[in-house]
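Coordinates from input-v9.cif are shown below (mmCIF, C-alpha atoms).
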data_target
#
loop_
_atom_site.label_atom_id
_atom_site.label_comp_id
_atom_site.auth_asym_id
_atom_site.auth_seq_id
_atom_site.Cartn_x
_atom_site.Cartn_y
_atom_site.Cartn_z
CA MET A 24 0.45 -41.92 50.42
CA PRO A 25 0.01 -44.12 47.32
CA ALA A 26 -1.63 -42.55 44.27
CA PRO A 27 -5.33 -43.28 43.77
CA ILE A 28 -5.88 -45.82 41.02
CA LEU A 29 -8.25 -45.53 38.08
CA GLU A 30 -8.97 -48.62 35.99
CA PHE A 31 -9.13 -47.89 32.25
CA TRP A 32 -11.11 -50.58 30.39
CA TYR A 33 -10.70 -50.46 26.62
CA ASP A 34 -11.32 -52.50 23.49
CA PHE A 35 -9.02 -52.02 20.51
CA ALA A 36 -12.05 -51.98 18.22
CA SER A 37 -13.50 -48.93 20.00
CA THR A 38 -13.03 -45.53 18.39
CA TYR A 39 -13.71 -43.52 21.54
CA SER A 40 -11.16 -45.68 23.41
CA TYR A 41 -8.59 -44.39 20.89
CA VAL A 42 -9.14 -40.81 22.02
CA ALA A 43 -9.16 -41.83 25.70
CA ALA A 44 -5.95 -43.87 25.27
CA LEU A 45 -4.17 -40.84 23.83
CA ARG A 46 -5.48 -38.48 26.52
CA ILE A 47 -5.39 -40.49 29.74
CA ALA A 48 -1.67 -40.57 30.61
CA GLY A 49 -1.20 -36.80 30.54
CA LEU A 50 -4.40 -36.03 32.42
CA ALA A 51 -3.79 -38.73 35.04
CA ASP A 52 -0.21 -37.54 35.63
CA LYS A 53 -1.46 -34.02 36.19
CA ALA A 54 -4.13 -35.30 38.61
CA GLY A 55 -1.69 -37.57 40.47
CA VAL A 56 -3.76 -40.64 39.61
CA ALA A 57 -2.23 -44.01 38.60
CA VAL A 58 -3.92 -45.70 35.65
CA SER A 59 -4.44 -49.45 35.48
CA TRP A 60 -4.82 -50.37 31.79
CA GLN A 61 -7.34 -53.19 31.23
CA PRO A 62 -7.80 -54.46 27.66
CA PHE A 63 -10.94 -56.55 27.11
CA LEU A 64 -13.32 -57.61 24.36
CA LEU A 65 -16.61 -55.77 24.01
CA GLY A 66 -17.94 -58.19 21.36
CA PRO A 67 -19.03 -60.96 23.78
CA ILE A 68 -20.70 -58.35 26.01
CA PHE A 69 -22.61 -56.88 23.05
CA LYS A 70 -23.63 -60.39 22.01
CA ALA A 71 -24.90 -61.17 25.52
CA GLN A 72 -27.06 -58.02 25.21
CA GLY A 73 -28.47 -59.26 21.93
CA LEU A 74 -26.51 -56.82 19.77
CA THR A 75 -25.31 -58.46 16.59
CA ASP A 76 -22.86 -55.74 15.55
CA SER A 77 -21.48 -52.37 16.63
CA PRO A 78 -24.29 -49.86 17.30
CA PHE A 79 -22.43 -47.56 14.89
CA VAL A 80 -22.95 -50.13 12.14
CA LEU A 81 -26.50 -51.11 13.15
CA PHE A 82 -27.68 -47.48 13.16
CA PRO A 83 -26.25 -45.65 10.11
CA ASP A 84 -27.14 -42.10 11.25
CA LYS A 85 -25.38 -42.80 14.54
CA GLY A 86 -22.40 -44.22 12.68
CA GLN A 87 -22.16 -41.21 10.39
CA TYR A 88 -22.37 -38.90 13.40
CA MET A 89 -19.66 -40.88 15.21
CA ILE A 90 -17.18 -40.21 12.41
CA ARG A 91 -17.92 -36.48 12.49
CA ASP A 92 -17.80 -36.35 16.30
CA LEU A 93 -14.46 -38.19 16.41
CA THR A 94 -13.02 -35.96 13.70
CA ARG A 95 -13.90 -32.93 15.84
CA LEU A 96 -12.52 -34.51 19.02
CA CYS A 97 -9.29 -35.54 17.30
CA ASP A 98 -8.94 -32.05 15.78
CA GLU A 99 -9.10 -30.65 19.31
CA ILE A 100 -6.19 -32.79 20.51
CA GLY A 101 -4.28 -32.43 17.25
CA THR A 102 -4.36 -36.05 16.15
CA PRO A 103 -5.62 -37.57 12.89
CA PHE A 104 -8.74 -39.75 12.66
CA ARG A 105 -9.27 -42.36 10.00
CA LEU A 106 -11.70 -45.29 10.11
CA PRO A 107 -10.17 -48.66 9.16
CA THR A 108 -11.85 -51.04 6.73
CA PRO A 109 -13.70 -53.10 7.76
CA PHE A 110 -15.07 -51.33 10.80
CA PRO A 111 -15.15 -52.47 13.51
CA GLN A 112 -11.86 -54.37 13.39
CA ASN A 113 -11.56 -57.76 15.07
CA SER A 114 -9.55 -56.89 18.18
CA LEU A 115 -8.92 -60.42 19.46
CA LEU A 116 -5.28 -60.83 18.43
CA ALA A 117 -4.27 -57.28 19.34
CA SER A 118 -5.75 -57.79 22.81
CA ARG A 119 -3.82 -61.03 23.32
CA VAL A 120 -0.59 -59.38 22.22
CA ALA A 121 -1.34 -56.50 24.60
CA LEU A 122 -1.50 -58.90 27.55
CA VAL A 123 1.98 -60.20 26.66
CA ALA A 124 3.19 -56.61 26.24
CA PHE A 125 1.93 -55.72 29.74
CA ASP A 126 3.82 -58.75 31.12
CA GLU A 127 6.92 -57.33 29.44
CA GLY A 128 6.37 -53.80 30.73
CA PHE A 129 5.49 -52.03 27.47
CA GLY A 130 1.72 -52.57 27.41
CA GLU A 131 0.80 -48.88 27.45
CA ASP A 132 3.17 -48.02 24.61
CA PHE A 133 1.91 -51.00 22.62
CA SER A 134 -1.73 -50.06 23.21
CA ARG A 135 -1.21 -46.48 22.08
CA ALA A 136 0.73 -47.70 19.03
CA VAL A 137 -2.11 -50.05 18.07
CA TYR A 138 -4.68 -47.26 18.36
CA LYS A 139 -2.54 -44.85 16.32
CA ALA A 140 -2.08 -47.45 13.58
CA GLU A 141 -5.78 -48.31 13.53
CA PHE A 142 -7.50 -44.95 13.88
CA GLY A 143 -4.68 -42.56 12.98
CA LYS A 144 -3.61 -44.40 9.81
CA GLY A 145 -6.66 -46.60 9.19
CA LEU A 146 -4.63 -49.84 9.27
CA ALA A 147 -6.19 -53.27 9.79
CA ILE A 148 -5.08 -54.35 13.28
CA SER A 149 -6.79 -57.70 12.77
CA GLU A 150 -3.87 -58.50 10.42
CA PRO A 151 -0.94 -60.21 12.21
CA SER A 152 1.46 -58.31 9.94
CA THR A 153 0.23 -54.96 11.30
CA LEU A 154 0.86 -56.07 14.89
CA ASP A 155 4.20 -57.55 13.88
CA GLY A 156 5.21 -54.19 12.42
CA ILE A 157 4.13 -52.35 15.57
CA LEU A 158 6.20 -54.68 17.77
CA ARG A 159 9.27 -54.26 15.54
CA ALA A 160 8.89 -50.47 15.53
CA LEU A 161 8.92 -50.64 19.34
CA GLY A 162 12.16 -52.66 19.14
CA LYS A 163 10.59 -55.87 20.51
CA PRO A 164 11.12 -59.53 19.51
CA ALA A 165 7.96 -59.80 17.41
CA ASP A 166 8.13 -63.54 16.61
CA SER A 167 8.36 -64.78 20.18
CA ILE A 168 5.74 -62.30 21.40
CA MET A 169 3.28 -63.31 18.67
CA THR A 170 3.80 -66.97 19.57
CA ARG A 171 3.17 -66.32 23.26
CA ALA A 172 0.08 -64.29 22.39
CA GLN A 173 -1.48 -67.49 21.02
CA SER A 174 -0.69 -69.59 24.12
CA ASP A 175 -3.50 -71.15 26.12
CA ASP A 176 -2.49 -69.07 29.14
CA ILE A 177 -2.92 -65.75 27.31
CA LYS A 178 -6.12 -66.87 25.61
CA GLN A 179 -7.60 -67.75 28.99
CA ARG A 180 -6.43 -64.51 30.57
CA LEU A 181 -8.19 -62.47 27.89
CA ARG A 182 -11.38 -64.44 28.50
CA ASP A 183 -10.96 -63.67 32.21
CA GLN A 184 -10.55 -59.96 31.43
CA THR A 185 -13.79 -59.90 29.47
CA GLU A 186 -15.62 -61.81 32.21
CA ALA A 187 -14.28 -59.39 34.81
CA ALA A 188 -15.56 -56.47 32.73
CA GLN A 189 -18.98 -58.08 32.57
CA THR A 190 -19.00 -58.68 36.34
CA LYS A 191 -18.19 -55.00 36.82
CA LYS A 192 -21.30 -54.16 34.73
CA ILE A 193 -19.26 -52.68 31.90
CA PHE A 194 -21.41 -52.39 28.75
CA GLY A 195 -19.30 -50.13 26.53
CA ALA A 196 -15.79 -48.78 25.98
CA PRO A 197 -13.91 -46.92 27.19
CA SER A 198 -15.00 -47.36 30.80
CA PHE A 199 -13.29 -46.11 33.93
CA ILE A 200 -13.67 -47.54 37.44
CA THR A 201 -12.43 -45.92 40.63
CA ALA A 202 -11.10 -47.79 43.69
CA ASP A 203 -14.49 -47.37 45.39
CA GLY A 204 -16.25 -49.03 42.45
CA GLU A 205 -17.67 -45.99 40.65
CA LEU A 206 -18.21 -46.68 36.94
CA PHE A 207 -17.85 -44.02 34.25
CA TRP A 208 -18.55 -44.71 30.57
CA GLY A 209 -17.12 -42.83 27.64
CA ASN A 210 -14.11 -40.74 26.70
CA ASP A 211 -16.15 -37.68 27.67
CA ARG A 212 -16.31 -38.89 31.29
CA LEU A 213 -12.52 -39.22 31.70
CA GLU A 214 -12.07 -35.90 33.51
CA GLN A 215 -15.00 -36.66 35.82
CA ALA A 216 -13.59 -40.12 36.61
CA LEU A 217 -10.19 -38.64 37.47
CA ALA A 218 -11.82 -36.04 39.72
CA TRP A 219 -13.78 -38.80 41.45
CA ALA A 220 -10.60 -40.86 41.96
CA MET A 221 -8.87 -37.85 43.54
CA ARG A 222 -11.83 -37.06 45.78
CA THR A 223 -11.91 -40.65 47.03
CA MET A 224 -8.28 -40.27 48.07
CA THR A 225 -8.67 -37.07 50.08
CA THR A 226 -11.75 -38.13 52.07
CA MET B 20 -24.89 -8.17 14.55
CA PRO B 21 -27.57 -10.76 15.36
CA ALA B 22 -26.68 -13.48 17.87
CA PRO B 23 -25.70 -16.87 16.43
CA ILE B 24 -28.50 -19.40 16.78
CA LEU B 25 -28.25 -22.91 18.20
CA GLU B 26 -31.15 -25.32 17.68
CA PHE B 27 -31.90 -27.42 20.76
CA TRP B 28 -33.80 -30.60 19.84
CA TYR B 29 -35.33 -32.41 22.80
CA ASP B 30 -37.81 -35.12 23.68
CA PHE B 31 -39.65 -34.88 27.00
CA ALA B 32 -39.04 -38.61 27.55
CA SER B 33 -35.27 -38.12 27.45
CA THR B 34 -33.39 -37.96 30.75
CA TYR B 35 -30.28 -36.28 29.34
CA SER B 36 -32.51 -33.64 27.69
CA TYR B 37 -33.67 -32.77 31.25
CA VAL B 38 -30.11 -31.83 32.26
CA ALA B 39 -29.55 -29.95 28.99
CA ALA B 40 -32.85 -28.06 29.34
CA LEU B 41 -31.84 -26.84 32.80
CA ARG B 42 -28.33 -25.87 31.68
CA ILE B 43 -28.76 -24.37 28.22
CA ALA B 44 -30.26 -20.95 28.95
CA GLY B 45 -27.50 -19.84 31.35
CA LEU B 46 -24.66 -21.15 29.21
CA ALA B 47 -26.13 -19.70 25.98
CA ASP B 48 -26.67 -16.30 27.59
CA LYS B 49 -23.05 -16.23 28.72
CA ALA B 50 -21.89 -17.24 25.23
CA GLY B 51 -24.14 -14.70 23.48
CA VAL B 52 -25.93 -17.45 21.57
CA ALA B 53 -29.70 -17.50 20.96
CA VAL B 54 -31.36 -20.88 21.51
CA SER B 55 -34.16 -22.16 19.29
CA TRP B 56 -36.11 -24.77 21.31
CA GLN B 57 -37.34 -27.67 19.15
CA PRO B 58 -39.48 -30.34 20.83
CA PHE B 59 -39.84 -33.57 18.87
CA LEU B 60 -40.60 -37.26 19.36
CA LEU B 61 -37.71 -39.70 19.43
CA GLY B 62 -39.98 -42.77 19.48
CA PRO B 63 -40.75 -42.82 15.73
CA ILE B 64 -37.03 -42.33 14.97
CA PHE B 65 -36.07 -45.23 17.25
CA LYS B 66 -38.76 -47.36 15.60
CA ALA B 67 -37.45 -46.53 12.13
CA GLN B 68 -34.04 -47.77 13.33
CA GLY B 69 -35.59 -51.05 14.49
CA LEU B 70 -35.40 -50.21 18.20
CA THR B 71 -38.50 -51.42 20.02
CA ASP B 72 -37.89 -49.50 23.26
CA SER B 73 -35.47 -47.09 24.92
CA PRO B 74 -31.88 -48.44 24.82
CA PHE B 75 -31.86 -47.86 28.58
CA VAL B 76 -34.69 -50.37 28.93
CA LEU B 77 -33.40 -52.82 26.29
CA PHE B 78 -29.95 -53.00 27.92
CA PRO B 79 -30.32 -53.26 31.73
CA ASP B 80 -26.64 -52.57 32.60
CA LYS B 81 -26.80 -49.44 30.46
CA GLY B 82 -30.06 -48.42 32.14
CA GLN B 83 -28.63 -48.92 35.63
CA TYR B 84 -25.56 -46.89 34.65
CA MET B 85 -27.74 -44.11 33.22
CA ILE B 86 -29.44 -43.59 36.57
CA ARG B 87 -26.09 -43.37 38.37
CA ASP B 88 -24.62 -41.08 35.70
CA LEU B 89 -27.62 -38.74 35.84
CA THR B 90 -27.58 -38.68 39.63
CA ARG B 91 -23.93 -37.56 39.49
CA LEU B 92 -24.64 -34.94 36.77
CA CYS B 93 -27.66 -33.57 38.66
CA ASP B 94 -25.63 -33.45 41.90
CA GLU B 95 -23.10 -31.28 40.07
CA ILE B 96 -25.74 -28.72 39.07
CA GLY B 97 -27.61 -28.98 42.38
CA THR B 98 -30.85 -30.41 41.06
CA PRO B 99 -32.68 -33.59 42.10
CA PHE B 100 -33.01 -36.64 39.84
CA ARG B 101 -35.84 -39.12 40.08
CA LEU B 102 -36.96 -41.61 37.42
CA PRO B 103 -40.73 -41.61 36.75
CA THR B 104 -42.75 -44.82 36.52
CA PRO B 105 -43.08 -46.12 33.92
CA PHE B 106 -39.89 -45.12 32.17
CA PRO B 107 -39.73 -43.86 29.52
CA GLN B 108 -42.84 -41.72 29.76
CA ASN B 109 -45.05 -41.20 26.72
CA SER B 110 -44.15 -37.65 25.71
CA LEU B 111 -46.76 -37.15 22.99
CA LEU B 112 -49.22 -34.94 24.87
CA ALA B 113 -46.52 -32.87 26.63
CA SER B 114 -44.92 -32.17 23.23
CA ARG B 115 -48.22 -31.02 21.76
CA VAL B 116 -48.87 -28.73 24.71
CA ALA B 117 -45.32 -27.38 24.35
CA LEU B 118 -46.05 -26.30 20.76
CA VAL B 119 -49.07 -24.33 21.98
CA ALA B 120 -46.96 -22.87 24.79
CA PHE B 121 -44.34 -21.68 22.30
CA ASP B 122 -47.13 -20.02 20.27
CA GLU B 123 -48.13 -18.23 23.47
CA GLY B 124 -44.58 -17.19 24.35
CA PHE B 125 -43.97 -19.40 27.40
CA GLY B 126 -42.61 -22.53 25.71
CA GLU B 127 -39.24 -22.46 27.46
CA ASP B 128 -40.77 -22.05 30.91
CA PHE B 129 -43.28 -24.79 30.17
CA SER B 130 -40.57 -27.15 28.90
CA ARG B 131 -38.40 -26.66 31.98
CA ALA B 132 -41.43 -27.13 34.23
CA VAL B 133 -42.32 -30.40 32.50
CA TYR B 134 -38.76 -31.70 32.93
CA LYS B 135 -38.64 -30.68 36.60
CA ALA B 136 -41.95 -32.42 37.28
CA GLU B 137 -40.90 -35.56 35.42
CA PHE B 138 -37.27 -36.03 36.45
CA GLY B 139 -37.04 -33.83 39.54
CA LYS B 140 -40.22 -35.16 41.20
CA GLY B 141 -40.74 -38.39 39.24
CA LEU B 142 -44.26 -37.39 38.10
CA ALA B 143 -46.04 -39.03 35.15
CA ILE B 144 -46.10 -36.38 32.41
CA SER B 145 -48.15 -38.73 30.22
CA GLU B 146 -51.06 -37.92 32.57
CA PRO B 147 -53.14 -34.92 31.39
CA SER B 148 -53.65 -33.93 35.05
CA THR B 149 -49.88 -33.43 35.51
CA LEU B 150 -49.71 -31.10 32.50
CA ASP B 151 -52.86 -29.34 33.63
CA GLY B 152 -51.22 -28.69 37.01
CA ILE B 153 -48.06 -27.35 35.36
CA LEU B 154 -50.08 -24.93 33.21
CA ARG B 155 -52.04 -23.69 36.22
CA ALA B 156 -48.86 -23.22 38.26
CA LEU B 157 -47.57 -21.05 35.40
CA GLY B 158 -50.80 -19.02 35.61
CA LYS B 159 -52.06 -20.14 32.20
CA PRO B 160 -55.62 -21.05 31.01
CA ALA B 161 -55.11 -24.81 31.21
CA ASP B 162 -58.44 -25.91 29.72
CA SER B 163 -58.20 -23.94 26.50
CA ILE B 164 -54.52 -24.80 26.03
CA MET B 165 -55.17 -28.52 26.52
CA THR B 166 -57.99 -28.34 23.96
CA ARG B 167 -55.80 -26.58 21.42
CA ALA B 168 -53.03 -29.13 22.05
CA GLN B 169 -55.35 -31.81 20.63
CA SER B 170 -56.23 -29.84 17.48
CA ASP B 171 -55.36 -31.24 14.06
CA ASP B 172 -53.06 -28.30 13.42
CA ILE B 173 -50.90 -28.98 16.49
CA LYS B 174 -50.90 -32.75 15.87
CA GLN B 175 -49.63 -32.15 12.35
CA ARG B 176 -47.02 -29.64 13.50
CA LEU B 177 -45.57 -32.16 15.96
CA ARG B 178 -45.37 -34.76 13.18
CA ASP B 179 -43.57 -32.13 11.07
CA GLN B 180 -41.12 -31.49 13.91
CA THR B 181 -40.25 -35.17 14.15
CA GLU B 182 -39.87 -35.46 10.39
CA ALA B 183 -37.62 -32.40 10.37
CA ALA B 184 -35.47 -34.02 13.08
CA GLN B 185 -35.18 -37.16 10.99
CA THR B 186 -34.23 -35.14 7.91
CA LYS B 187 -31.51 -33.47 9.96
CA LYS B 188 -30.14 -36.97 10.79
CA ILE B 189 -31.00 -36.66 14.47
CA PHE B 190 -30.94 -40.11 16.11
CA GLY B 191 -30.99 -39.22 19.82
CA ALA B 192 -31.79 -36.47 22.30
CA PRO B 193 -30.75 -33.93 23.21
CA SER B 194 -29.23 -32.81 19.91
CA PHE B 195 -27.86 -29.40 18.99
CA ILE B 196 -27.51 -28.00 15.48
CA THR B 197 -25.61 -24.85 14.54
CA ALA B 198 -26.58 -22.44 11.75
CA ASP B 199 -23.98 -24.07 9.48
CA GLY B 200 -25.58 -27.49 10.02
CA GLU B 201 -23.15 -29.02 12.50
CA LEU B 202 -24.85 -31.71 14.62
CA PHE B 203 -23.92 -32.42 18.24
CA TRP B 204 -25.52 -35.22 20.24
CA GLY B 205 -25.81 -35.38 24.00
CA ASN B 206 -25.93 -33.10 27.01
CA ASP B 207 -22.15 -33.53 27.30
CA ARG B 208 -21.69 -31.83 23.93
CA LEU B 209 -23.60 -28.65 24.84
CA GLU B 210 -20.49 -26.58 25.60
CA GLN B 211 -18.83 -27.74 22.37
CA ALA B 212 -21.96 -26.88 20.35
CA LEU B 213 -22.08 -23.39 21.85
CA ALA B 214 -18.39 -22.87 21.09
CA TRP B 215 -19.01 -23.98 17.50
CA ALA B 216 -21.97 -21.60 17.15
CA MET B 217 -19.81 -18.70 18.38
CA ARG B 218 -16.94 -19.62 16.08
CA THR B 219 -19.28 -19.68 13.10
CA MET B 220 -20.30 -16.12 13.94
CA THR B 221 -16.79 -14.66 14.08
CA THR B 222 -15.49 -16.20 10.87
#

Turn this file's structure into structure tokens for me.
Amino acid sequence: MPAPILEFWYDFASTYSYVAALRIAGLADKAGVAVSWQPFLLGPIFKAQGLTDSPFVLFPDKGQYMIRDLTRLCDEIGTPFRLPTPFPQNSLLASRVALVAFDEGFGEDFSRAVYKAEFGKGLAISEPSTLDGILRALGKPADSIMTRAQSDDIKQRLRDQTEAAQTKKIFGAPSFITADGELFWGNDRLEQALAWAMRTMTT
Amino acid sequence: MPAPILEFWYDFASTYSYVAALRIAGLADKAGVAVSWQPFLLGPIFKAQGLTDSPFVLFPDKGQYMIRDLTRLCDEIGTPFRLPTPFPQNSLLASRVALVAFDEGFGEDFSRAVYKAEFGKGLAISEPSTLDGILRALGKPADSIMTRAQSDDIKQRLRDQTEAAQTKKIFGAPSFITADGELFWGNDRLEQALAWAMRTMTT
């Protein structure tokens, strides 16, 4: 019997996606659920909703709380939390590189490395040099990957990802979708989404 | 040794406060934490942030998700969920009556009854007749309580509550605050807030 699949939709600019990206592999393994990693851009979806910036920037009390909440969550899983400047980071290039990395079979490792650089060390992932360094640290041919990341094919595929997210009614990140179409929003719904994916499989 | 105290800030218009209001007493009892119930109005705080309506109304995909999410959460605790019309309800009068009910020692029971009427049965709690019925069902003198709820003293005390919430940097409901000033936002942070309150006590 094949493992049930859970789609994991994430934006590299999203702080709560950082925590989910670090937690999901271990929890999914334990649950016997296969994770399908789906990078996308939340910016165009926010814009379509009339939001001009991250809600954490638009509403300062909410933004201040977010930092405290994430510090507590990261303390619990023993990982550092540091907000990059500026926040949110432009995640366009990192997302394009991620699509190439998935083609090459190291998309998950790349995604986790981007999140750790951005929210563990506070690095600017909008800078090509940061992504270049991540690729080199993973032992990958950075130059050719960065070139492919800017190809028309990859650019279009990222647009398709974001459109697919919108079609699936995704409005925030991280989001999780089970094989039977159930949507869960937020790092704090990861366990519930995994339980739902397992239940779908046994019925 | 006195029990550690957790402040529970809630708005009767808030769907996630409904779930928290039904869950908090049992969980707090088990944890040995005393709960201080704090009704307030989120509307003025939203307005001060520039929000013209509930985010669940402003962003339709988020609103549709909220209903599904709450249905799942209520299924888990074996309670019905039904959205009243219109949503959100005006919670001004219910909040004023709640302050009188707390003076009379039945504020918790009244608050739970309001939530069950509103989100369990989908009743309009902005209607005085709904609140009147809830008071009567609790065996209380509805007429005199409703009159006191409209007194200048109670009106001012509710404004004070909302101002206190704002001073405490509350930006959503439900919110929980520990004795050492730690803020937690959302029904899904209730367990974490209780754990924090207990930890504060033992250190």

Using only C-alpha atoms, find the residues of chain A whose closest atom to chain B is at most 7 Å away, then write them as a list in words.
-> Gln72, Phe82, Asp84, Lys85, Lys192 and Phe194 of chain A

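Every residue that the PyMOL selection byres ((chain A and resi 169) around 10) selects in this file is listed here: Leu116, Ala117, Arg119, Val120, Val123, Pro151, Leu154, Asp155, Leu158, Pro164, Ala165, Asp166, Ser167, Ile168, Thr170, Arg171, Ala172, Gln173 and Ser174 of chain A.
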
Can you tell me how far CA of Gln61 in chain A sits from CA of Gly143 in chain A, in Å to one decimal?
-> 21.3 Å

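All protein and nucleic acid residues in the vicinity of (-40.8, -34.2, 19.1), that is within 7 Å when counting only C-alpha atoms, are B:Tyr29, B:Asp30, B:Pro58, B:Phe59, B:Leu60, B:Leu61, B:Ser114, B:Leu177, B:Gln180, B:Thr181.
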
Store the residues picked out above in a file with C-alpha atoms, as a tab-separated table (two decimals), in the frame of the given file.
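Full text of out-v8.tsv as output:
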chain	number	residue	atom	x	y	z
B	29	TYR	CA	-35.33	-32.41	22.80
B	30	ASP	CA	-37.81	-35.12	23.68
B	58	PRO	CA	-39.48	-30.34	20.83
B	59	PHE	CA	-39.84	-33.57	18.87
B	60	LEU	CA	-40.60	-37.26	19.36
B	61	LEU	CA	-37.71	-39.70	19.43
B	114	SER	CA	-44.92	-32.17	23.23
B	177	LEU	CA	-45.57	-32.16	15.96
B	180	GLN	CA	-41.12	-31.49	13.91
B	181	THR	CA	-40.25	-35.17	14.15

Could you tell me how far CA of Leu118 in chain B lies from CA of Ser194 in chain B, in Å and to one decimal?
-> 18.1 Å

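The gap separating CA of Thr197 in chain B from CA of Phe31 in chain B is 21.3 Å, in Å to one decimal.
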
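Restricting the calculation to only C-alpha atoms, the smallest distance between Ser73 in chain B and any of B:Ser130, B:Arg101, B:Glu95, B:Pro107 is found for B:Pro107.
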
Name the residues that the PyMOL selection byres ((chain A and resi 51) around 10) picks from the file above, as a PyMOL selection string, using the file's chain letters and numbers.
-> chain A and resi 27-29+46-50+52-58+213-214+217-218+220-221

So that I can look at just that part, could you write range 50-64 of chain B with N, CA and C atoms, as a PDB file, in the first residue's frame?
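out14.pdb was written with the following content:
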ATOM      1  N   ALA B  50      -4.534  21.469  35.175  1.00  0.00           N
ATOM      2  CA  ALA B  50      -3.192  22.040  35.314  1.00  0.00           C
ATOM      3  C   ALA B  50      -3.005  22.739  36.664  1.00  0.00           C
ATOM      4  N   GLY B  51      -4.085  22.922  37.415  1.00  0.00           N
ATOM      5  CA  GLY B  51      -3.988  23.653  38.672  1.00  0.00           C
ATOM      6  C   GLY B  51      -3.785  25.146  38.470  1.00  0.00           C
ATOM      7  N   VAL B  52      -4.356  25.677  37.398  1.00  0.00           N
ATOM      8  CA  VAL B  52      -4.224  27.093  37.081  1.00  0.00           C
ATOM      9  C   VAL B  52      -5.595  27.756  37.244  1.00  0.00           C
ATOM     10  N   ALA B  53      -5.627  28.932  37.873  1.00  0.00           N
ATOM     11  CA  ALA B  53      -6.872  29.686  38.010  1.00  0.00           C
ATOM     12  C   ALA B  53      -7.034  30.614  36.811  1.00  0.00           C
ATOM     13  N   VAL B  54      -8.231  30.644  36.243  1.00  0.00           N
ATOM     14  CA  VAL B  54      -8.470  31.464  35.051  1.00  0.00           C
ATOM     15  C   VAL B  54      -9.199  32.741  35.426  1.00  0.00           C
ATOM     16  N   SER B  55      -8.694  33.864  34.942  1.00  0.00           N
ATOM     17  CA  SER B  55      -9.347  35.156  35.128  1.00  0.00           C
ATOM     18  C   SER B  55      -9.994  35.558  33.797  1.00  0.00           C
ATOM     19  N   TRP B  56     -11.335  35.460  33.739  1.00  0.00           N
ATOM     20  CA  TRP B  56     -12.072  35.731  32.494  1.00  0.00           C
ATOM     21  C   TRP B  56     -12.163  37.234  32.242  1.00  0.00           C
ATOM     22  N   GLN B  57     -11.790  37.662  31.048  1.00  0.00           N
ATOM     23  CA  GLN B  57     -11.708  39.088  30.725  1.00  0.00           C
ATOM     24  C   GLN B  57     -12.400  39.388  29.400  1.00  0.00           C
ATOM     25  N   PRO B  58     -13.715  39.662  29.432  1.00  0.00           N
ATOM     26  CA  PRO B  58     -14.383  40.039  28.178  1.00  0.00           C
ATOM     27  C   PRO B  58     -13.923  41.411  27.715  1.00  0.00           C
ATOM     28  N   PHE B  59     -13.795  41.584  26.411  1.00  0.00           N
ATOM     29  CA  PHE B  59     -13.434  42.894  25.851  1.00  0.00           C
ATOM     30  C   PHE B  59     -13.948  42.963  24.425  1.00  0.00           C
ATOM     31  N   LEU B  60     -13.821  44.151  23.817  1.00  0.00           N
ATOM     32  CA  LEU B  60     -14.268  44.326  22.432  1.00  0.00           C
ATOM     33  C   LEU B  60     -13.073  44.435  21.496  1.00  0.00           C
ATOM     34  N   LEU B  61     -13.041  43.553  20.509  1.00  0.00           N
ATOM     35  CA  LEU B  61     -11.953  43.554  19.543  1.00  0.00           C
ATOM     36  C   LEU B  61     -12.160  44.617  18.462  1.00  0.00           C
ATOM     37  N   GLY B  62     -13.424  44.981  18.226  1.00  0.00           N
ATOM     38  CA  GLY B  62     -13.751  45.929  17.153  1.00  0.00           C
ATOM     39  C   GLY B  62     -12.932  47.211  17.198  1.00  0.00           C
ATOM     40  N   PRO B  63     -12.892  47.912  18.352  1.00  0.00           N
ATOM     41  CA  PRO B  63     -12.111  49.156  18.419  1.00  0.00           C
ATOM     42  C   PRO B  63     -10.624  48.924  18.166  1.00  0.00           C
ATOM     43  N   ILE B  64     -10.114  47.743  18.548  1.00  0.00           N
ATOM     44  CA  ILE B  64      -8.692  47.445  18.326  1.00  0.00           C
ATOM     45  C   ILE B  64      -8.442  47.206  16.842  1.00  0.00           C
TER      46      ILE B  64
END
